[in-house]
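Engineer: upload_39.txt is reproduced in full below (compact mmCIF, C-alpha atoms).
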# COMPACT_ATOMS: atom_id res chain seq x y z
CA MET A 1 116.38 144.99 77.04
CA GLU A 2 112.82 144.31 75.93
CA GLU A 3 110.38 143.62 78.78
CA ALA A 4 108.49 140.33 78.94
CA GLY A 5 105.16 142.08 78.53
CA GLN A 6 106.36 143.78 75.36
CA ARG A 7 107.49 140.45 73.94
CA LEU A 8 104.09 138.97 74.63
CA ARG A 9 102.41 141.92 72.95
CA ARG A 10 104.58 141.47 69.85
CA ALA A 11 103.71 137.76 69.79
CA ARG A 12 100.01 138.63 69.91
CA GLU A 13 100.29 141.27 67.22
CA ARG A 14 102.23 138.94 64.91
CA LEU A 15 99.18 136.67 64.94
CA ASN A 16 96.82 139.64 64.45
CA LEU A 17 94.94 138.79 67.65
CA LYS A 18 92.87 141.32 69.57
CA PHE A 19 92.49 141.36 73.35
CA ARG A 20 89.03 139.85 72.99
CA ASP A 21 90.42 137.01 70.86
CA VAL A 22 92.90 136.10 73.59
CA GLU A 23 90.23 136.23 76.29
CA LEU A 24 87.91 133.92 74.34
CA ALA A 25 90.73 131.50 73.52
CA SER A 26 91.82 131.35 77.16
CA GLN A 27 88.23 130.68 78.22
CA GLY A 28 88.24 127.68 75.91
CA ILE A 29 91.43 126.39 77.55
CA ALA A 30 89.92 126.97 81.00
CA GLU A 31 86.81 125.00 80.08
CA ARG A 32 88.89 122.19 78.60
CA ARG A 33 91.02 122.00 81.76
CA GLY A 34 88.17 122.57 84.19
CA ASN A 35 90.03 125.42 85.88
CA PRO A 36 89.02 129.10 85.57
CA GLU A 37 92.58 130.17 86.48
CA PHE A 38 93.55 129.61 82.83
CA THR A 39 91.22 132.45 81.77
CA ILE A 40 92.86 135.77 80.89
CA LEU A 41 90.48 138.73 81.12
CA ILE A 42 91.06 141.72 78.87
CA SER A 43 91.98 143.94 81.82
CA ARG A 44 94.56 141.45 83.08
CA LEU A 45 96.09 141.04 79.60
CA SER A 46 96.45 144.80 79.37
CA ASP A 47 98.24 144.86 82.73
CA ILE A 48 100.56 142.03 81.64
CA GLU A 49 101.53 143.85 78.44
CA ASN A 50 101.64 147.43 79.67
CA GLN A 51 102.14 147.43 83.43
CA GLY A 52 104.65 144.62 83.83
CA THR A 53 102.22 142.41 85.76
CA VAL A 54 103.60 138.87 86.06
CA PRO A 55 101.01 136.31 84.92
CA SER A 56 100.26 133.24 87.03
CA VAL A 57 101.56 129.90 85.79
CA PHE A 58 98.08 129.07 84.51
CA LYS A 59 97.73 132.30 82.54
CA LEU A 60 101.26 132.04 81.20
CA TYR A 61 100.42 128.52 80.01
CA SER A 62 97.36 129.88 78.19
CA LEU A 63 99.39 132.64 76.55
CA CYS A 64 101.98 130.14 75.35
CA CYS A 65 99.23 127.94 73.92
CA ILE A 66 97.52 130.82 72.15
CA TYR A 67 100.70 132.49 70.86
CA ARG A 68 102.47 129.18 70.07
CA LEU A 69 105.38 130.02 72.38
CA ASP A 70 107.80 127.73 74.17
CA LEU A 71 106.93 127.77 77.88
CA ASN A 72 110.53 127.46 79.10
CA GLU A 73 111.71 130.29 76.87
CA THR A 74 108.82 132.48 78.01
CA LEU A 75 109.71 131.78 81.64
CA SER A 76 113.22 133.02 80.88
CA TRP A 77 111.71 136.36 79.79
CA TYR A 78 110.61 136.76 83.41
CA GLY A 79 114.05 135.90 84.75
CA VAL A 80 113.37 132.23 85.51
CA PRO A 81 116.55 130.37 84.38
CA VAL A 82 114.99 127.01 83.53
CA GLU A 83 118.22 125.84 81.90
CA SER A 84 120.00 126.29 85.24
CA LEU A 85 117.62 124.08 87.23
CA ALA A 86 120.09 121.21 87.60
CA SER A 87 123.13 123.39 88.37
CA ASP A 88 121.24 125.47 90.95
CA ALA A 89 119.90 122.30 92.56
CA GLY A 90 123.45 121.00 92.82
CA MET A 91 124.36 123.96 95.05
CA ILE A 92 121.87 122.83 97.69
CA GLN A 93 123.18 120.12 99.98
CA ILE A 94 120.62 117.54 101.15
CA GLU A 95 121.68 115.05 103.79
CA LYS A 96 119.34 112.24 102.76
CA THR A 97 119.80 110.17 99.62
CA HIS A 98 117.03 111.06 97.21
CA ALA A 99 115.73 110.72 93.67
CA ILE A 100 115.92 113.63 91.24
CA GLY A 101 112.56 114.42 89.70
CA PHE A 102 113.59 116.70 86.86
CA ASN A 103 115.14 115.52 83.60
CA PRO A 104 118.29 116.98 82.09
CA ASP A 105 117.54 119.33 79.21
CA ALA A 106 118.24 117.53 75.93
CA GLY A 107 119.40 120.84 74.51
CA ALA A 108 121.91 121.50 77.28
CA GLU A 109 125.53 121.95 76.34
CA ALA A 110 128.83 121.17 77.98
CA LEU A 111 132.32 122.54 77.41
CA LEU A 112 134.30 119.58 76.11
CA PRO A 113 137.67 118.88 74.51
CA ILE A 114 136.96 118.42 70.82
CA SER A 115 140.56 118.30 69.65
CA LEU A 116 143.32 116.43 71.51
CA ASP A 117 147.06 116.09 71.00
CA PRO A 118 147.33 113.30 68.39
CA GLY A 119 150.31 111.84 70.28
CA ILE A 120 148.31 111.22 73.45
CA ASP A 121 148.31 107.66 74.85
CA LEU A 122 144.79 107.00 76.13
CA ARG A 123 146.01 103.95 78.06
CA LYS A 124 147.84 106.18 80.53
CA THR A 125 146.60 108.66 83.09
CA PHE A 126 147.25 112.23 81.97
CA PHE A 127 146.46 115.84 82.81
CA LEU A 128 143.74 116.65 80.30
CA SER A 129 144.17 120.43 80.36
CA GLU A 130 147.72 120.10 79.01
CA MET A 131 146.63 117.83 76.16
CA VAL A 132 143.61 119.78 74.88
CA GLN A 133 144.23 121.72 71.68
CA ARG A 134 140.70 123.07 71.27
CA TRP A 135 137.57 123.26 73.43
CA GLY A 136 134.03 123.64 72.24
CA LYS A 137 130.41 123.26 73.28
CA LEU A 138 128.66 120.02 72.38
CA PRO A 139 125.10 118.91 73.13
CA LEU A 140 125.06 116.64 76.18
CA ALA A 141 122.77 114.25 74.30
CA LEU A 142 125.68 113.44 71.98
CA LEU A 143 127.96 112.22 74.76
CA SER A 144 128.90 108.59 74.08
CA GLY A 145 126.01 108.44 71.63
CA ALA A 146 123.63 108.03 74.58
CA ASP A 147 120.18 109.51 74.95
CA ILE A 148 120.45 111.00 78.45
CA ARG A 149 116.67 111.48 78.64
CA LYS A 150 116.03 107.75 78.94
CA TYR A 151 117.82 107.46 82.28
CA ARG A 152 116.88 108.53 85.78
CA TYR A 153 119.15 110.26 88.24
CA GLY A 154 119.81 110.09 91.96
CA PHE A 155 122.03 111.86 94.46
CA VAL A 156 123.88 110.24 97.35
CA GLY A 157 123.22 112.32 100.45
CA THR A 158 126.11 114.20 102.01
CA GLU A 159 125.71 112.11 105.16
CA ASP A 160 125.18 108.75 103.45
CA TRP A 161 128.45 106.84 103.87
CA GLY A 162 126.99 103.39 103.17
CA MET A 163 128.84 102.84 99.87
CA TYR A 164 132.00 104.76 100.74
CA PRO A 165 134.64 104.61 99.36
CA ALA A 166 133.14 102.95 96.25
CA ILE A 167 130.59 105.77 95.99
CA PRO A 168 131.24 108.73 98.30
CA PRO A 169 128.59 111.09 99.66
CA GLY A 170 127.63 113.85 97.25
CA SER A 171 127.85 111.63 94.17
CA LEU A 172 125.44 111.98 91.26
CA LEU A 173 124.03 108.67 90.05
CA VAL A 174 122.80 107.67 86.59
CA ILE A 175 120.11 104.99 86.95
CA ASP A 176 118.79 102.58 84.32
CA ASP A 177 115.23 101.81 85.46
CA THR A 178 114.95 98.95 82.93
CA LYS A 179 117.41 96.95 85.06
CA ARG A 180 115.42 96.19 88.19
CA LYS A 181 116.05 92.47 88.58
CA ILE A 182 118.55 91.82 91.36
CA GLN A 183 121.61 89.91 90.16
CA ASN A 184 122.74 87.61 92.99
CA SER A 185 125.89 86.31 91.30
CA GLY A 186 128.01 86.42 88.16
CA TRP A 187 130.56 89.10 89.02
CA ARG A 188 134.27 88.50 89.50
CA SER A 189 134.95 91.29 92.01
CA LEU A 190 133.15 93.92 94.07
CA SER A 191 133.98 96.50 91.41
CA GLU A 192 131.83 94.50 88.94
CA ARG A 193 128.98 93.82 91.36
CA PRO A 194 125.81 95.69 90.32
CA ILE A 195 124.73 98.58 92.53
CA TYR A 196 121.03 99.39 92.83
CA PHE A 197 119.02 102.46 93.73
CA LEU A 198 116.02 101.67 95.93
CA GLU A 199 113.08 103.50 97.45
CA HIS A 200 111.67 102.78 100.92
CA ARG A 201 109.00 104.70 102.79
CA ASP A 202 111.77 106.12 104.98
CA GLY A 203 113.96 107.23 102.08
CA HIS A 204 116.23 106.05 99.29
CA TYR A 205 119.24 103.75 99.31
CA CYS A 206 122.18 103.16 96.98
CA ARG A 207 123.49 99.67 97.78
CA TRP A 208 124.63 96.26 96.63
CA CYS A 209 121.74 93.82 96.96
CA SER A 210 120.94 90.15 97.27
CA VAL A 211 117.55 88.41 97.35
CA LYS A 212 116.72 85.12 99.07
CA ASP A 213 113.44 83.61 100.35
CA GLY A 214 111.46 86.81 99.87
CA VAL A 215 113.99 89.00 101.69
CA ILE A 216 116.20 91.61 100.05
CA SER A 217 119.46 92.48 101.80
CA LEU A 218 120.99 95.92 101.28
CA ILE A 219 124.75 95.52 101.57
CA CYS A 220 127.11 98.41 102.23
CA ASP A 221 130.76 98.72 101.27
CA PRO A 222 132.76 96.75 103.86
CA ALA A 223 134.95 99.79 104.55
CA SER A 224 131.93 101.81 105.66
CA GLU A 225 131.24 99.37 108.53
CA ALA A 226 127.53 100.07 108.11
CA PRO A 227 125.07 97.24 108.95
CA ILE A 228 123.21 95.13 106.39
CA LEU A 229 119.55 96.12 106.09
CA ASN A 230 116.88 93.52 105.35
CA PHE A 231 113.38 94.08 103.97
CA ARG A 232 110.54 91.92 102.71
CA TYR A 233 110.68 91.88 98.92
CA PRO A 234 108.59 92.74 97.14
CA GLY A 235 106.41 94.67 99.51
CA GLU A 236 108.51 96.84 101.78
CA ILE A 237 110.92 98.34 99.28
CA GLU A 238 111.07 99.11 95.55
CA VAL A 239 114.05 98.72 93.23
CA ILE A 240 114.17 101.88 91.09
CA GLY A 241 116.95 100.56 88.87
CA GLN A 242 120.62 99.75 88.51
CA VAL A 243 123.28 102.42 88.90
CA ILE A 244 125.16 102.59 85.59
CA GLY A 245 127.08 105.83 86.06
CA VAL A 246 128.55 107.91 88.86
CA ALA A 247 129.86 111.47 89.02
CA MET A 248 131.83 112.20 92.18
CA SER A 249 134.36 114.54 93.71
CA LEU A 250 137.94 113.25 93.56
CA ASP A 251 139.20 115.63 96.24
CA PRO A 252 140.40 113.34 99.09
CA GLU A 253 140.91 116.29 101.45
CA LYS A 254 137.29 117.31 101.01
CA ARG A 255 136.15 113.78 101.83
CA ARG A 256 138.27 113.59 104.97
CA ARG A 257 136.99 116.96 106.19
CA SER A 258 133.36 116.01 105.69
CA ARG A 259 133.41 112.46 107.07
CA PRO A 260 132.12 112.21 110.65
CA ALA A 261 134.56 111.03 113.29
Please re-express this file's structure in C-alpha cells.

Structural biologist:
Amino acid sequence: MEEAGQRLRRARERLNLKFRDVELASQGIAERRGNPEFTILISRLSDIENQGTVPSVFKLYSLCCIYRLDLNETLSWYGVPVESLASDAGMIQIEKTHAIGFNPDAGAEALLPISLDPGIDLRKTFFLSEMVQRWGKLPLALLSGADIRKYRYGFVGTEDWGMYPAIPPGSLLVIDDTKRKIQNSGWRSLSERPIYFLEHRDGHYCRWCSVKDGVISLICDPASEAPILNFRYPGEIEVIGQVIGVAMSLDPEKRRRSRPA
C-alpha cells in the first residue's frame, strides 16, 4: 500500500512543483492566515515525503491547498477515518443530553432495500428481511428526497428519562432549527404535540414546551414522573429547534436493564 508521503510527492510532481515552490506557496498561505504554522520548510517537506513524518493540521491544510487535494481524503491517507466520525461517536455513551456539532457526510451511503416483494402490503407490520429481494447502497442524501445537511442533530443522554417512553434514552434526534416558535396548542393528542430541543447553560433538553407570560415550561412525558422545569424566556434558555425525527432502540429488554430503579 502506498504511503501517505509518497502520495503527496506524486501530487507535487504531477503539478511540476519543486520543493522551493511549495515552501514559497505555503509562506503565502501563512501570511494570508497570520499564522506561521502554515509554512512548510523544504527540510520538513522532505521529511514528510521521504521519512514518513506526519504533517501538522496546518501544514496538511497548506499541502491540500497547493496540490488541490481534498482534505478529508488526505486525512484518510494517514489512517484518519473521517467517514466514520458519526459511527465512532455513536459508540461513546454520554450521560448528558447534548447537541452534535458535526454534520453527516452528504456522500455517505447506507445499505437499503431497493427491491421489495411486489405482493407486500405496506399497511401491515412485517419482517423486512423476509420481504427484501435485493439490497444495495444508496446515498443518504436521497432518503425521502430530503437534504440531510440542512438539519441539526441531537442525542438524548443515556440517563435522560424525561421523555420516556415517547423518546427513550440513547435516541438520535433530527432537529429543524427553522421551527423555533413554541406551539402552545393545535394538536389532537400527545403523539402530535411538537417536541423541542433546547439549550441551557447547564445543558440541553428534549421536551414538550409551553410559553406564558415570559416563562417557558419544559414538560416531560407523564410516565417519566419527572418535574416540570420553568425558565424565563427568552433570556435563560434557547430553543434550538423542533424535533422532526427520532432514531431509537426498539429492544425493550435493553431499556428495562438500563433504567434506574

Engineer: Between A:Arg9, A:Arg44, A:Arg20, A:His98, which residue has the minimum interatomic distance to Phe155 in chain A, considering all atoms listed in the file?

Structural biologist: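 Ranked by minimum distance to Phe155 in chain A, first place goes to A:His98.
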
Engineer: Kindly extract all protein, DNA and RNA residues lying within 10 Å of the coordinates (120.2, 91.9, 98.8) given in the file, considering all atoms listed in the file, and supply them as a list in words.

Structural biologist: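 Residues found, by chain and rising number: Ile182, Gln183, Asn184, Tyr196, Arg207, Trp208, Cys209, Ser210, Val211, Lys212, Val215, Ile216, Ser217, Leu218, Ile219, Ile228, Leu229, Asn230, Phe231 and Tyr233 of chain A.
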
Engineer: Nearest to Ala223 in chain A: which of A:Pro168, A:Ile195, A:Ser189, A:Arg201 is it, counting all atoms listed in the file?

Structural biologist: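 For Ala223 in chain A, the nearest of the given residues is A:Pro168.
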
Engineer: Extract, using only C-alpha atoms, all DNA, RNA and protein residues at most 7 Å from Glu159 in chain A, discarding same-chain residues fewer than 5 positions from it, and format them as an NGL selection string.

Structural biologist: :A and (95-96 or 169)

Engineer: A:Val54, A:Met248, A:Val80, A:Met91: which is nearest Pro165 in chain A, counting all atoms listed in the file?

Structural biologist: A:Met248

Engineer: Could you tell me how far CA of Ile92 in chain A sits from CA of Cys220 in chain A, in Å to one decimal place?

Structural biologist: 25.4 Å

Engineer: Which is closer to Gly245 in chain A than all the others in A:His204, A:Arg152, A:Lys181, A:Arg12, using all atoms listed in the file?

Structural biologist: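 Selected residue with least distance to Gly245 in chain A: A:Arg152.
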
Engineer: Show which residues sit within 12 Å of Glu13 in chain A, as a PyMOL selection string. Count only C-alpha atoms, and ignore same-chain residues fewer than 4 positions away.

Structural biologist: chain A and resi 6-9+17-19+21-22+49+66-67

Engineer: At most 10 Å from (113.4, 106.2, 98.3), file frame, all atoms listed in the file: which residues, as a PDB file with C-alpha atoms, in the frame of the given file?

Structural biologist:
ATOM      1  CA  LYS A  96     119.340 112.240 102.760  1.00  0.00           C
ATOM      2  CA  THR A  97     119.800 110.170  99.620  1.00  0.00           C
ATOM      3  CA  HIS A  98     117.030 111.060  97.210  1.00  0.00           C
ATOM      4  CA  ALA A  99     115.730 110.720  93.670  1.00  0.00           C
ATOM      5  CA  GLY A 154     119.810 110.090  91.960  1.00  0.00           C
ATOM      6  CA  PHE A 197     119.020 102.460  93.730  1.00  0.00           C
ATOM      7  CA  LEU A 198     116.020 101.670  95.930  1.00  0.00           C
ATOM      8  CA  GLU A 199     113.080 103.500  97.450  1.00  0.00           C
ATOM      9  CA  HIS A 200     111.670 102.780 100.920  1.00  0.00           C
ATOM     10  CA  ARG A 201     109.000 104.700 102.790  1.00  0.00           C
ATOM     11  CA  ASP A 202     111.770 106.120 104.980  1.00  0.00           C
ATOM     12  CA  GLY A 203     113.960 107.230 102.080  1.00  0.00           C
ATOM     13  CA  HIS A 204     116.230 106.050  99.290  1.00  0.00           C
ATOM     14  CA  TYR A 205     119.240 103.750  99.310  1.00  0.00           C
ATOM     15  CA  CYS A 206     122.180 103.160  96.980  1.00  0.00           C
ATOM     16  CA  ILE A 237     110.920  98.340  99.280  1.00  0.00           C
ATOM     17  CA  GLU A 238     111.070  99.110  95.550  1.00  0.00           C
ATOM     18  CA  VAL A 239     114.050  98.720  93.230  1.00  0.00           C
ATOM     19  CA  ILE A 240     114.170 101.880  91.090  1.00  0.00           C
TER      20      ILE A 240
END

Engineer: Could you state the separation of CA of Phe58 in chain A and CA of Phe38 in chain A in Å, given to one decimal place?

Structural biologist: 4.9 Å

Engineer: Using only C-alpha atoms, determine which residues lie at most 9 Å from Ala166 in chain A, disregarding the query and same-chain residues fewer than 2 positions distant; provide the list as a ChimeraX atom specification.

Structural biologist: /A:163-164,168,191,221

Engineer: Nearest to Lys59 in chain A among A:Leu85, A:Ile175, A:Leu190, A:Ala30, with distances taken over all atoms listed in the file: which residue is it?

Structural biologist: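 Answer, going by the shortest atom-to-atom distance: A:Ala30.
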
Engineer: What separation in Å, quoted to one decimal, exists between CA of Ala247 in chain A and CA of Leu172 in chain A?

Structural biologist: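 It comes out at 5.0 Å.
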